[in-house]
Structure formats: C-alpha cells, structure tokens
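Presented below is the structure to which this report refers.
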Amino acid sequence: MLKVGVIGCGMIGREHIKRLSKKLQGVQVTAVSDVYEESAKKAAEICGARAYSDAAQVIADPAVEAVVITAPGFAHADIVLQAIKAGKRIFCEKPLATTAEDCKKIVEAEIA
C-alpha cells in the first residue's frame with residue numbers, strides 16, 4: 001500500500017484525494033495539508049487522513065511515502081525541492097514551477 005500525502009486541499013486537491021482514496025487500489029491518503037487549516041480538515045474528512053497546516057509537516061511525516069502537490073503554482077518549487085530532499089516520491093500538478101530557474105533547480109536536485 002502506497003501511503004500518500006496531499007499538499008493543497010483546494011478543489012483540485014480534493015479531487016485528487018477522492019480519486020486516490022476511493023477509486024484507486026493500493027493507495028492510502030494518510031496526510032493532507034493546506035495553509036487554510038479549515039480546508040485541510042475538510043479534506044482529511046474525505047479519507048480519514050491527518051490534517052496539517054504546513055506542507056513541511058506532510059513531507060516530514062514518516063507515514064508518507066509519496067506526495068501529491070496541488071498547491072498554487074507559485075509554491076510548487078519550494079515544496080518539490082523539500083520533497084526531493086526528503087526522498088519522497090512526487091506527483092506535482094502543473095506548472096512544475098513558475099520560472100525556468102526554479103525548474104532547473106528541481107531537475108538538478110532530482111538528478112543529484
């Protein structure tokens with residue numbers, strides 16, 4: 001069972017949570033986060049996950065093996081780099097980052 005954390009619990013994040021927890025086999029959403037605490041709590045109710053208010057908490061959670069990033073695009077680069085550093089598997093909604101420089105940093109971090 002792949003244990004997943006979802007970062008960003010807006011409309012797209014909640015759709016991913018529903019799909020991961022209700023339609024796919026072999027996946028369990030164990031943690032979610034959103035800067036708006038109430039959004040994280042509502043999303044956690046969908047799948048029985050822990051709710052956090054900070055992406056770093058999901059990434060640091062030892063029960064999370066992979067992260068799905070659906071936060072706003074401007075936040076992607078920092079979150080992806082944290083997840084790479086932590087050795088997590090990553091699915092990031094588009095855009096990967098909002099600048100070519102940040103995309104290059106991500107590619108270089110993944111290669112390393």
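The chains in the structure tokens are called A, B, ... from first to last as shown; in each chain the residues are counted from 1, and the ligands are counted from 1 in the order shown.
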Quick one: residues within 6 Å of Ile7 (chain A), only C-alpha atoms counted, chain neighbours fewer than 4 positions away excluded, as a VMD selection string? chain A and resid 32 to 33 55 69 to 70
Give me the residues within 12 Å of Lys41 (chain A) as a ChimeraX atom specification, counting only C-alpha atoms and dropping any in the same chain fewer than 5 places off. /A:8-10,14,31-36,46-53
Kindly export the residues of the current selection with all heavy atoms, as a CSV table (one decimal), in the first residue's frame.
chain,number,residue,atom,x,y,z
A,8,GLY,N,-2.1,20.8,-0.5
A,8,GLY,CA,-3.0,21.7,-1.2
A,8,GLY,C,-4.4,21.1,-1.3
A,8,GLY,O,-4.6,20.1,-2.0
A,9,CYS,N,-5.3,21.6,-0.5
A,9,CYS,CA,-6.6,21.0,-0.4
A,9,CYS,C,-7.8,21.8,-1.0
A,9,CYS,O,-8.9,21.8,-0.5
A,9,CYS,CB,-6.9,20.7,1.1
A,9,CYS,SG,-5.8,19.5,1.8
A,10,GLY,N,-7.4,22.5,-2.0
A,10,GLY,CA,-8.5,23.3,-2.7
A,10,GLY,C,-9.3,22.3,-3.6
A,10,GLY,O,-9.2,21.1,-3.4
A,14,ARG,N,-8.8,18.3,-3.5
A,14,ARG,CA,-9.9,17.4,-3.0
A,14,ARG,C,-10.3,16.3,-4.1
A,14,ARG,O,-10.6,15.2,-3.7
A,14,ARG,CB,-11.1,18.2,-2.6
A,14,ARG,CG,-10.9,19.0,-1.3
A,14,ARG,CD,-12.2,19.6,-0.7
A,14,ARG,NE,-12.9,20.4,-1.7
A,14,ARG,CZ,-12.7,21.7,-2.0
A,14,ARG,NH1,-11.7,22.3,-1.4
A,14,ARG,NH2,-13.4,22.3,-2.9
A,31,ALA,N,-2.1,11.7,5.0
A,31,ALA,CA,-1.9,13.1,5.5
A,31,ALA,C,-2.3,14.1,4.4
A,31,ALA,O,-2.1,13.8,3.2
A,31,ALA,CB,-0.5,13.3,5.9
A,32,VAL,N,-2.8,15.2,4.8
A,32,VAL,CA,-3.1,16.3,3.9
A,32,VAL,C,-2.7,17.6,4.5
A,32,VAL,O,-2.6,17.7,5.8
A,32,VAL,CB,-4.6,16.4,3.5
A,32,VAL,CG1,-5.1,15.1,2.8
A,32,VAL,CG2,-5.5,16.7,4.8
A,33,SER,N,-2.4,18.7,3.7
A,33,SER,CA,-2.1,20.0,4.3
A,33,SER,C,-2.7,21.1,3.4
A,33,SER,O,-2.8,20.9,2.2
A,33,SER,CB,-0.6,20.2,4.5
A,33,SER,OG,0.0,20.3,3.3
A,34,ASP,N,-2.9,22.2,4.0
A,34,ASP,CA,-3.3,23.4,3.3
A,34,ASP,C,-3.0,24.6,4.3
A,34,ASP,O,-3.1,24.4,5.5
A,34,ASP,CB,-4.8,23.4,3.0
A,34,ASP,CG,-5.2,24.4,1.9
A,34,ASP,OD1,-5.3,25.6,2.2
A,34,ASP,OD2,-5.3,24.0,0.7
A,35,VAL,N,-2.6,25.7,3.7
A,35,VAL,CA,-2.4,26.9,4.5
A,35,VAL,C,-3.6,27.3,5.2
A,35,VAL,O,-3.5,28.0,6.3
A,35,VAL,CB,-1.7,28.0,3.7
A,35,VAL,CG1,-0.3,27.6,3.2
A,35,VAL,CG2,-2.6,28.5,2.6
A,36,TYR,N,-4.8,27.0,4.7
A,36,TYR,CA,-6.0,27.3,5.3
A,36,TYR,C,-6.4,26.0,6.1
A,36,TYR,O,-6.8,25.0,5.6
A,36,TYR,CB,-7.1,27.7,4.3
A,36,TYR,CG,-6.8,28.9,3.6
A,36,TYR,CD1,-6.4,28.8,2.2
A,36,TYR,CD2,-6.8,30.1,4.2
A,36,TYR,CE1,-6.0,30.0,1.5
A,36,TYR,CE2,-6.4,31.3,3.5
A,36,TYR,CZ,-6.1,31.2,2.1
A,36,TYR,OH,-5.7,32.3,1.4
A,46,ILE,N,-12.5,13.4,4.1
A,46,ILE,CA,-12.8,12.6,2.9
A,46,ILE,C,-12.2,11.2,3.0
A,46,ILE,O,-12.8,10.2,2.6
A,46,ILE,CB,-12.3,13.3,1.6
A,46,ILE,CG1,-13.0,14.6,1.3
A,46,ILE,CG2,-12.4,12.3,0.4
A,46,ILE,CD1,-12.4,15.4,0.2
A,47,CYS,N,-11.0,11.2,3.6
A,47,CYS,CA,-10.2,9.9,3.6
A,47,CYS,C,-9.7,9.5,5.0
A,47,CYS,O,-9.0,8.4,5.1
A,47,CYS,CB,-9.1,10.0,2.6
A,47,CYS,SG,-8.0,11.4,3.1
A,48,GLY,N,-10.0,10.2,6.0
A,48,GLY,CA,-9.6,9.8,7.4
A,48,GLY,C,-8.1,10.1,7.6
A,48,GLY,O,-7.5,9.5,8.4
A,49,ALA,N,-7.5,11.1,6.9
A,49,ALA,CA,-6.1,11.4,7.0
A,49,ALA,C,-5.9,12.4,8.1
A,49,ALA,O,-6.8,13.0,8.6
A,49,ALA,CB,-5.6,12.0,5.7
A,50,ARG,N,-4.6,12.5,8.5
A,50,ARG,CA,-4.2,13.6,9.4
A,50,ARG,C,-4.2,14.9,8.6
A,50,ARG,O,-3.8,14.9,7.5
A,50,ARG,CB,-2.8,13.3,10.0
A,50,ARG,CG,-2.7,12.2,11.0
A,50,ARG,CD,-1.3,12.0,11.5
A,50,ARG,NE,-0.4,11.5,10.5
A,50,ARG,CZ,-0.5,10.3,9.9
A,50,ARG,NH1,-1.4,9.4,10.3
A,50,ARG,NH2,0.4,10.0,9.0
A,51,ALA,N,-4.6,16.0,9.3
A,51,ALA,CA,-4.6,17.3,8.7
A,51,ALA,C,-3.5,18.2,9.2
A,51,ALA,O,-3.3,18.3,10.5
A,51,ALA,CB,-6.0,18.0,8.9
A,52,TYR,N,-2.7,18.8,8.4
A,52,TYR,CA,-1.7,19.7,8.7
A,52,TYR,C,-1.9,21.1,8.1
A,52,TYR,O,-2.6,21.2,7.1
A,52,TYR,CB,-0.3,19.2,8.3
A,52,TYR,CG,0.1,17.9,8.9
A,52,TYR,CD1,0.3,16.8,8.2
A,52,TYR,CD2,0.4,17.8,10.3
A,52,TYR,CE1,0.7,15.6,8.7
A,52,TYR,CE2,0.9,16.6,10.9
A,52,TYR,CZ,1.0,15.5,10.1
A,52,TYR,OH,1.5,14.4,10.6
A,53,SER,N,-1.3,22.1,8.6
A,53,SER,CA,-1.4,23.4,8.0
A,53,SER,C,-0.1,23.9,7.3
A,53,SER,O,0.0,25.0,6.8
A,53,SER,CB,-1.7,24.5,9.1
A,53,SER,OG,-0.7,24.5,10.1
Can you tell me, as an MDAnalysis selection string, which residues in chain A count as alpha helix (DSSP H) by DSSP? chainID A and resid 11:18 37:47 55:60 76:85 100:111
Residue nearest Lys105 (chain A) - candidates A:Cys92, A:Leu81, A:Ile12, A:Met1, atoms counted: only C-alpha atoms: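 That would be A:Leu81, the residue with the smallest distance to Lys105 (chain A).
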Can you list, as a list in words, all residues belonging to chain A that DSSP tags as strand (DSSP E or B)?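 Assigned to strand (DSSP E or B), within chain A: Leu2, Lys3, Val4, Gly5, Val6, Ile7, Val27, Gln28, Val29, Thr30, Ala31, Val32, Ser33, Arg50, Ala51, Tyr52, Ala66, Val67, Val68, Ile69, Arg89, Ile90, Phe91 and Cys92 of chain A.
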Quick one: residues within 7 Å of Ile90 (chain A), only C-alpha atoms counted, chain neighbours fewer than 6 positions away excluded, as a PyMOL selection string? chain A and resi 66-68
